[in-house]
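*Asks:* Could you have a look at this structure, given as structure tokens, before my questions?
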Amino acid sequence: MRTGAFVYPWDVDGDPAAPGLLAGLGLAQVTLAAAYHSTRALTPRHPAHRVVTAEHAAVLYLPDPDRWAGRTLRPYPAGDWAPGDAFGRAADALAGAGLEVHSWVVLAHNSRLGAEHPDTSVVNAYGDRYPWAPCVGRPEVRELLVSLAAEAAVRPGAAGTELESCGWYGLAHLHAHDKTGGVALGEREQYLMSLCFCSSCREGYGTGGADPEELAAAVRAALAPVWAGTGPAGGLGALEAPALAWRAGTARAFQEAAVAAVRAAAPPGFRVLLHADPDPYRCGADTGTDPAHVLGLADGVVARPPRVAHFAAHAGPDTVVAANLSVVTGMGGAPDRLAADAETARAAGATELRLYHAGLASDEDLSAVRTALRKLGAETSG
């Protein structure tokens with residue numbers, strides 16, 4: 001199985017040993033971040049640092065000034081964690097080691113955008129804004145993200161792209177000093193807390209036949225047992241279908257526009273994958289999709305192992321279904337089980353593997369990855 005691993009530019013840029021180390025794992029490609037949200041990340045092997053703090057969502061290359069001239073909403077350049085064209089320098093170094101580079105582009109996840117332009121954010125049924133979650137129901141947000149997709153995906157040296165958060169974002173978010181775990185929220189509760197009630201979404205619900213005030217009240221009523229600790233969230237009754245229809249249609253239109261913009265900017269053969277989930281309620285990095293639709297739109301998906309079979313059922317002979325496997329022990333990954341997990345993913349219909357995350361993994365984790373990929377290679381050739 002063709003295997004790639006996720007990497008940040010700062011894992012490679014300034015570390016002459018990194019490309020050879022990654023190539024020596026047995027990888028075919030590296031999915032290299034070109035546009036990424038704020039984060040604090042370890043760099044276990046870099047000769048110049050151990051912790052990188054990316055203070056805000058940024059593009060990790062030099063954005064085209066002509067593309068963004070006169071536009072209020074635009075991507076933010078990175079600070080000293082990825083100066084200049086950090087993506088380009090890292091991509092060149094990786095290509096020099098024989099690795100194919102694909103860009104990794106995070107779209108609807110940007111806390112700085114929400115802080116500086118509050119009207120762009122998702123607003124829940126209680127009126128709380130989520131500054132980390134740009135609302136893709138807003139035309140100005142879609143325009144920004146579609147343009148960003150085209151620019152960040154089609155970087156020099158990239159043979160393809162993987163678009164993350166290409167759809168709705170919501171409540172779930174890793175946040176500094178987070179205190180939101182006091183009440184356990186399952187998938188249903190997360191969805192209800194992620195329904196947006198900004199002016200654009202209110203209009204959208206109304207167009208679909210759902211009164212937005214009634215819908216917001218229904219959401220609050222459905223969640224009341226959760227806050228009281230007396231039971232799970234209830235349903236929305238007759239308002240359930242039009243609410244989901246608005247969100248699903250909006251996500252589909254955004255995905256179509258983003259993929260079309262990337263294809264228009266890309267050379268022939270450029271591969272476009274989406275990080276996706278088959279559950280239409282899902283928000284976040286792996287956004288909810290209709291498997292048949294998204295696989296008719298893009299060249300494939302990157303999905304968590306439990307979701308692989310849902311996409312494989314709709315895959316054509318050339319469709320990529322990449323199983324996203326965590327190999328960082330300290331983040332709950334299991335590199336020692338990689339060979340077995342890969343075989344399970346293959347049996348479910350996965351055609352490729354993605355390993356999260358080669359830059360964050362310890363030397364011991366990477367040693368286990370190397371051993372597993374050699375075993376998989378030997379079994380494939382045998």
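Ligands are numbered from 1 in the order shown, chains are lettered A, B, ... in the order of the structure tokens, and residues start at 1 in each chain.
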Can you tell me which residues surround range 319-333 of chain A at a distance of at most 6 Å, considering only C-alpha atoms, apart from same-chain residues fewer than 6 positions away, and format the answer as a PDB file with N, CA and C atoms, in the first residue's frame?
*Replies:*
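Saved file out_20.pdb follows:
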ATOM      1  N   ASP A 299     -10.494  13.092  -6.210  1.00  0.00           N
ATOM      2  CA  ASP A 299      -9.821  11.843  -6.567  1.00  0.00           C
ATOM      3  C   ASP A 299      -9.864  10.824  -5.445  1.00  0.00           C
ATOM      4  N   GLY A 300     -10.297  11.271  -4.263  1.00  0.00           N
ATOM      5  CA  GLY A 300     -10.389  10.345  -3.150  1.00  0.00           C
ATOM      6  C   GLY A 300     -10.503  11.080  -1.839  1.00  0.00           C
ATOM      7  N   VAL A 301     -10.385  10.304  -0.763  1.00  0.00           N
ATOM      8  CA  VAL A 301     -10.534  10.852   0.572  1.00  0.00           C
ATOM      9  C   VAL A 301      -9.436  10.316   1.481  1.00  0.00           C
ATOM     10  N   VAL A 302      -9.239  11.053   2.572  1.00  0.00           N
ATOM     11  CA  VAL A 302      -8.454  10.577   3.711  1.00  0.00           C
ATOM     12  C   VAL A 302      -9.459  10.425   4.851  1.00  0.00           C
ATOM     13  N   ALA A 303      -9.529   9.227   5.446  1.00  0.00           N
ATOM     14  CA  ALA A 303     -10.570   8.943   6.434  1.00  0.00           C
ATOM     15  C   ALA A 303     -10.010   8.140   7.594  1.00  0.00           C
ATOM     16  N   ARG A 304     -10.659   8.278   8.743  1.00  0.00           N
ATOM     17  CA  ARG A 304     -10.299   7.482   9.911  1.00  0.00           C
ATOM     18  C   ARG A 304     -10.657   6.019   9.642  1.00  0.00           C
ATOM     19  N   PRO A 305      -9.915   5.077  10.216  1.00  0.00           N
ATOM     20  CA  PRO A 305     -10.143   3.656   9.897  1.00  0.00           C
ATOM     21  C   PRO A 305     -11.585   3.185  10.029  1.00  0.00           C
ATOM     22  N   ALA A 350      -9.261   0.228   2.114  1.00  0.00           N
ATOM     23  CA  ALA A 350      -8.261   1.286   1.968  1.00  0.00           C
ATOM     24  C   ALA A 350      -7.272   0.927   0.867  1.00  0.00           C
ATOM     25  N   THR A 351      -6.921   1.918   0.067  1.00  0.00           N
ATOM     26  CA  THR A 351      -5.935   1.721  -0.990  1.00  0.00           C
ATOM     27  C   THR A 351      -4.578   2.323  -0.631  1.00  0.00           C
ATOM     28  N   GLU A 352      -4.572   3.225   0.351  1.00  0.00           N
ATOM     29  CA  GLU A 352      -3.344   3.881   0.773  1.00  0.00           C
ATOM     30  C   GLU A 352      -3.396   4.104   2.283  1.00  0.00           C
ATOM     31  N   LEU A 353      -2.243   4.501   2.836  1.00  0.00           N
ATOM     32  CA  LEU A 353      -2.145   4.845   4.242  1.00  0.00           C
ATOM     33  C   LEU A 353      -1.628   6.262   4.399  1.00  0.00           C
ATOM     34  N   ARG A 354      -2.108   6.938   5.457  1.00  0.00           N
ATOM     35  CA  ARG A 354      -1.524   8.205   5.893  1.00  0.00           C
ATOM     36  C   ARG A 354      -1.163   8.049   7.361  1.00  0.00           C
ATOM     37  N   LEU A 355       0.042   8.448   7.699  1.00  0.00           N
ATOM     38  CA  LEU A 355       0.532   8.310   9.062  1.00  0.00           C
ATOM     39  C   LEU A 355       0.601   9.672   9.724  1.00  0.00           C
ATOM     40  N   TYR A 356      -0.082   9.779  10.844  1.00  0.00           N
ATOM     41  CA  TYR A 356      -0.096  11.025  11.607  1.00  0.00           C
ATOM     42  C   TYR A 356       0.679  10.783  12.911  1.00  0.00           C
ATOM     43  N   ALA A 361       6.410  12.392  16.019  1.00  0.00           N
ATOM     44  CA  ALA A 361       6.712  11.079  16.582  1.00  0.00           C
ATOM     45  C   ALA A 361       8.120  11.027  17.166  1.00  0.00           C
TER      46      ALA A 361
END
*Asks:* Looking only at alpha helix (DSSP H) from DSSP on the backbone, list the matching residues of range 3-72 of chain A as a list of chain:residue names.
*Replies:*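 Reading the DSSP output for range 3-72 of chain A, alpha helix (DSSP H) covers A:Pro9, A:Trp10, A:Asp11, A:Val12, A:Ala18, A:Pro19, A:Gly20, A:Leu21, A:Leu22, A:Ala23, A:Gly24, A:Pro65, A:Asp66, A:Arg67, A:Trp68.
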*Asks:* Would you work out the distance separating CA of Leu94 in chain A from CA of Gln29 in chain A, expressed in Å to one decimal?
*Replies:*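 CA of Leu94 in chain A sits 9.0 Å away from CA of Gln29 in chain A.
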*Asks:* Show me, as a PDB file with C-alpha atoms, in the first residue's frame, the residues that have an atom within 7 Å of range 39-49 of chain A when counting only C-alpha atoms, minus same-chain residues fewer than 2 positions from it.
*Replies:*
ATOM      1  CA  ASP A  11      10.079  19.672  10.937  1.00  0.00           C
ATOM      2  CA  ASP A  15      17.253  20.123   9.590  1.00  0.00           C
ATOM      3  CA  HIS A  37      -4.168  26.538  12.045  1.00  0.00           C
ATOM      4  CA  VAL A  51       8.914  23.427  20.594  1.00  0.00           C
ATOM      5  CA  VAL A  52       7.326  25.457  17.798  1.00  0.00           C
ATOM      6  CA  THR A  53       4.471  27.816  18.626  1.00  0.00           C
ATOM      7  CA  ALA A  54       2.439  28.768  15.569  1.00  0.00           C
ATOM      8  CA  GLU A  55       0.555  31.697  17.053  1.00  0.00           C
ATOM      9  CA  GLY A 359       7.303  15.199  12.674  1.00  0.00           C
ATOM     10  CA  LEU A 360       5.685  14.708  16.088  1.00  0.00           C
ATOM     11  CA  SER A 362       9.587   9.996  18.801  1.00  0.00           C
TER      12      SER A 362
END
*Asks:* Please return as number ranges by chain: the residues of range 15-212 of chain A that backbone DSSP assigns to strand (DSSP E).
*Replies:* A: 29-36, 39-42, 51-54, 58-59, 100-106, 121-123, 129-134, 158-164
*Asks:* How about saving the chosen residues, N, CA and C atoms kept, as a compact mmCIF listing (two decimals), in the first residue's frame?
*Replies:*
# COMPACT_ATOMS: atom_id res chain seq x y z
N GLN A 29 5.36 9.24 -0.06
CA GLN A 29 5.08 10.66 -0.15
C GLN A 29 5.05 11.29 1.23
N VAL A 30 5.15 12.60 1.24
CA VAL A 30 4.97 13.40 2.45
C VAL A 30 3.85 14.40 2.17
N THR A 31 2.89 14.49 3.08
CA THR A 31 1.83 15.49 3.00
C THR A 31 2.26 16.66 3.88
N LEU A 32 2.68 17.73 3.23
CA LEU A 32 3.38 18.84 3.88
C LEU A 32 2.44 20.03 4.05
N ALA A 33 2.32 20.52 5.27
CA ALA A 33 1.40 21.62 5.56
C ALA A 33 1.76 22.87 4.77
N ALA A 34 0.76 23.42 4.06
CA ALA A 34 0.93 24.68 3.33
C ALA A 34 0.09 25.79 3.94
N ALA A 35 -1.04 25.43 4.53
CA ALA A 35 -1.89 26.38 5.26
C ALA A 35 -2.38 25.64 6.49
N TYR A 36 -2.12 26.22 7.67
CA TYR A 36 -2.36 25.46 8.89
C TYR A 36 -2.85 26.37 10.00
N THR A 39 -1.04 26.27 16.49
CA THR A 39 -0.71 25.04 17.19
C THR A 39 0.56 25.25 18.02
N ARG A 40 0.78 24.34 18.95
CA ARG A 40 2.05 24.24 19.66
C ARG A 40 2.53 22.83 19.46
N ALA A 41 3.71 22.68 18.87
CA ALA A 41 4.15 21.36 18.43
C ALA A 41 5.56 21.06 18.89
N LEU A 42 5.78 19.81 19.27
CA LEU A 42 7.13 19.34 19.55
C LEU A 42 7.86 19.07 18.24
N VAL A 51 10.32 23.07 20.58
CA VAL A 51 8.91 23.43 20.59
C VAL A 51 8.68 24.57 19.62
N VAL A 52 7.71 24.41 18.74
CA VAL A 52 7.33 25.46 17.80
C VAL A 52 5.93 25.93 18.17
N THR A 53 5.78 27.24 18.34
CA THR A 53 4.47 27.82 18.63
C THR A 53 4.01 28.61 17.41
N ALA A 54 3.06 28.06 16.69
CA ALA A 54 2.44 28.77 15.57
C ALA A 54 1.29 29.58 16.15
N ALA A 58 -2.15 30.35 9.47
CA ALA A 58 -1.31 31.07 8.51
C ALA A 58 -1.01 30.21 7.30
N VAL A 59 -0.63 30.88 6.21
CA VAL A 59 -0.05 30.18 5.07
C VAL A 59 1.45 30.11 5.30
N GLU A 100 7.78 12.16 -2.86
CA GLU A 100 6.78 12.95 -3.55
C GLU A 100 6.08 13.83 -2.51
N VAL A 101 5.88 15.09 -2.84
CA VAL A 101 5.29 16.05 -1.91
C VAL A 101 3.87 16.39 -2.34
N HIS A 102 2.94 16.32 -1.38
CA HIS A 102 1.57 16.78 -1.57
C HIS A 102 1.30 17.85 -0.52
N SER A 103 0.55 18.87 -0.88
CA SER A 103 0.26 19.94 0.07
C SER A 103 -0.86 19.53 1.01
N TRP A 104 -0.81 20.08 2.21
CA TRP A 104 -1.82 19.83 3.25
C TRP A 104 -2.42 21.18 3.59
N VAL A 105 -3.70 21.35 3.30
CA VAL A 105 -4.35 22.66 3.38
C VAL A 105 -5.54 22.61 4.33
N VAL A 106 -5.45 23.35 5.42
CA VAL A 106 -6.55 23.46 6.38
C VAL A 106 -7.37 24.69 6.02
N SER A 121 -17.76 34.09 11.96
CA SER A 121 -17.73 32.88 12.78
C SER A 121 -19.08 32.20 12.92
N VAL A 122 -19.02 30.91 13.22
CA VAL A 122 -20.21 30.15 13.60
C VAL A 122 -20.77 30.72 14.90
N VAL A 123 -22.11 30.82 14.98
CA VAL A 123 -22.81 31.28 16.18
C VAL A 123 -23.78 30.18 16.60
N ARG A 129 -20.38 32.89 19.93
CA ARG A 129 -19.57 32.78 18.72
C ARG A 129 -18.40 31.83 18.95
N TYR A 130 -18.04 31.12 17.87
CA TYR A 130 -16.87 30.24 17.88
C TYR A 130 -15.81 30.86 16.96
N PRO A 131 -14.91 31.66 17.49
CA PRO A 131 -13.98 32.37 16.60
C PRO A 131 -13.06 31.46 15.81
N TRP A 132 -12.87 30.22 16.28
CA TRP A 132 -12.01 29.29 15.55
C TRP A 132 -12.71 28.68 14.33
N ALA A 133 -14.02 28.88 14.22
CA ALA A 133 -14.82 28.18 13.22
C ALA A 133 -15.44 29.14 12.21
N PRO A 134 -14.78 29.40 11.09
CA PRO A 134 -15.41 30.22 10.05
C PRO A 134 -16.67 29.55 9.53
N ALA A 158 4.47 20.48 -5.60
CA ALA A 158 3.42 19.61 -5.08
C ALA A 158 2.78 18.81 -6.21
N ALA A 159 2.62 17.52 -6.00
CA ALA A 159 2.00 16.64 -6.99
C ALA A 159 0.51 16.42 -6.72
N GLY A 160 0.04 16.93 -5.60
CA GLY A 160 -1.36 16.79 -5.22
C GLY A 160 -1.62 17.54 -3.94
N THR A 161 -2.84 17.45 -3.47
CA THR A 161 -3.20 18.15 -2.23
C THR A 161 -4.17 17.32 -1.42
N GLU A 162 -4.21 17.61 -0.12
CA GLU A 162 -5.21 17.03 0.77
C GLU A 162 -5.85 18.19 1.53
N LEU A 163 -7.14 18.37 1.31
CA LEU A 163 -7.88 19.49 1.89
C LEU A 163 -8.56 19.04 3.17
N GLU A 164 -8.19 19.68 4.27
CA GLU A 164 -8.77 19.39 5.58
C GLU A 164 -9.76 20.49 5.94
*Asks:* My list of candidates is A:Pro75, A:Asp211, A:Ala238, A:Gly182. Which is closest to Leu145 in chain A when distances are computed with only C-alpha atoms?
*Replies:* A:Pro75
*Asks:* Quick one: of A:Leu376, A:Leu185, A:Cys283, A:Leu73, who's nearest to Ala340 in chain A, counting only C-alpha atoms?
*Replies:*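 Closest residue, counting only C-alpha atoms: A:Leu376.
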*Asks:* Which residue is closest to Leu373 in chain A? Choose from A:His293, A:Ala23, A:Asn124, A:Ala298 and count only C-alpha atoms.
*Replies:*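 Answer, going by the shortest atom-to-atom distance: A:Ala23.
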*Asks:* Quote the spacing between CA of Gly234 in chain A and CA of Ala248 in chain A in Å to one decimal place.
*Replies:*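 Between these atoms lies a distance of 20.6 Å.
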*Asks:* Write out as an NGL selection string the residues lying within 7 Å of Ala149 in chain A, counting only C-alpha atoms and excluding same-chain residues fewer than 2 positions away.
*Replies:* :A and (105 or 145-147 or 151-153 or 258 or 262)
*Asks:* Point out the residue among A:Ala265, A:Cys196, A:Leu60, A:Leu215 with the least atom-to-atom distance to Arg247 in chain A, counting only C-alpha atoms.
*Replies:*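 Closest candidate: A:Cys196.
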*Asks:* Could you give me, as a CSV table (one decimal) with N, CA, C and O atoms, in the first residue's frame, the residues within 12 Å of Gly98 in chain A, counting only C-alpha atoms and dropping anything in the same chain fewer than 4 positions from it?
*Replies:*
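Final output, saved to selection-v7.csv:
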chain,number,residue,atom,x,y,z
A,19,PRO,N,15.0,15.0,5.7
A,19,PRO,CA,14.5,14.3,4.5
A,19,PRO,C,15.0,12.9,4.4
A,19,PRO,O,14.2,12.0,4.0
A,20,GLY,N,16.3,12.6,4.7
A,20,GLY,CA,16.8,11.3,4.6
A,20,GLY,C,16.1,10.4,5.6
A,20,GLY,O,15.8,9.2,5.3
A,21,LEU,N,15.9,10.9,6.8
A,21,LEU,CA,15.2,10.1,7.9
A,21,LEU,C,13.8,9.7,7.4
A,21,LEU,O,13.4,8.5,7.5
A,22,LEU,N,13.0,10.6,6.8
A,22,LEU,CA,11.7,10.3,6.3
A,22,LEU,C,11.7,9.3,5.2
A,22,LEU,O,10.9,8.4,5.1
A,23,ALA,N,12.6,9.6,4.2
A,23,ALA,CA,12.7,8.6,3.1
A,23,ALA,C,13.1,7.2,3.6
A,23,ALA,O,12.6,6.2,3.1
A,24,GLY,N,13.9,7.2,4.6
A,24,GLY,CA,14.3,5.9,5.2
A,24,GLY,C,13.3,5.1,5.9
A,24,GLY,O,13.4,3.9,6.1
A,26,GLY,N,10.5,4.4,4.5
A,26,GLY,CA,9.8,3.6,3.5
A,26,GLY,C,8.6,4.3,3.0
A,26,GLY,O,7.7,3.6,2.4
A,27,LEU,N,8.5,5.6,3.1
A,27,LEU,CA,7.4,6.4,2.7
A,27,LEU,C,7.5,6.6,1.2
A,27,LEU,O,8.6,6.7,0.6
A,28,ALA,N,6.3,6.7,0.5
A,28,ALA,CA,6.3,7.1,-0.9
A,28,ALA,C,6.1,8.6,-1.0
A,28,ALA,O,6.5,9.2,-2.0
A,29,GLN,N,5.4,9.2,-0.1
A,29,GLN,CA,5.1,10.7,-0.2
A,29,GLN,C,5.1,11.3,1.2
A,29,GLN,O,4.9,10.6,2.3
A,30,VAL,N,5.2,12.6,1.2
A,30,VAL,CA,5.0,13.4,2.4
A,30,VAL,C,3.9,14.4,2.2
A,30,VAL,O,3.8,15.0,1.1
A,91,ALA,N,9.8,21.5,0.8
A,91,ALA,CA,9.4,20.6,-0.3
A,91,ALA,C,10.6,20.3,-1.2
A,91,ALA,O,10.8,19.2,-1.6
A,92,ASP,N,11.4,21.3,-1.4
A,92,ASP,CA,12.7,21.0,-2.2
A,92,ASP,C,13.6,20.0,-1.5
A,92,ASP,O,14.1,19.1,-2.2
A,93,ALA,N,13.7,20.1,-0.2
A,93,ALA,CA,14.6,19.2,0.5
A,93,ALA,C,14.0,17.8,0.5
A,93,ALA,O,14.7,16.8,0.3
A,94,LEU,N,12.7,17.7,0.6
A,94,LEU,CA,12.0,16.4,0.6
A,94,LEU,C,12.1,15.7,-0.8
A,94,LEU,O,12.4,14.5,-0.9
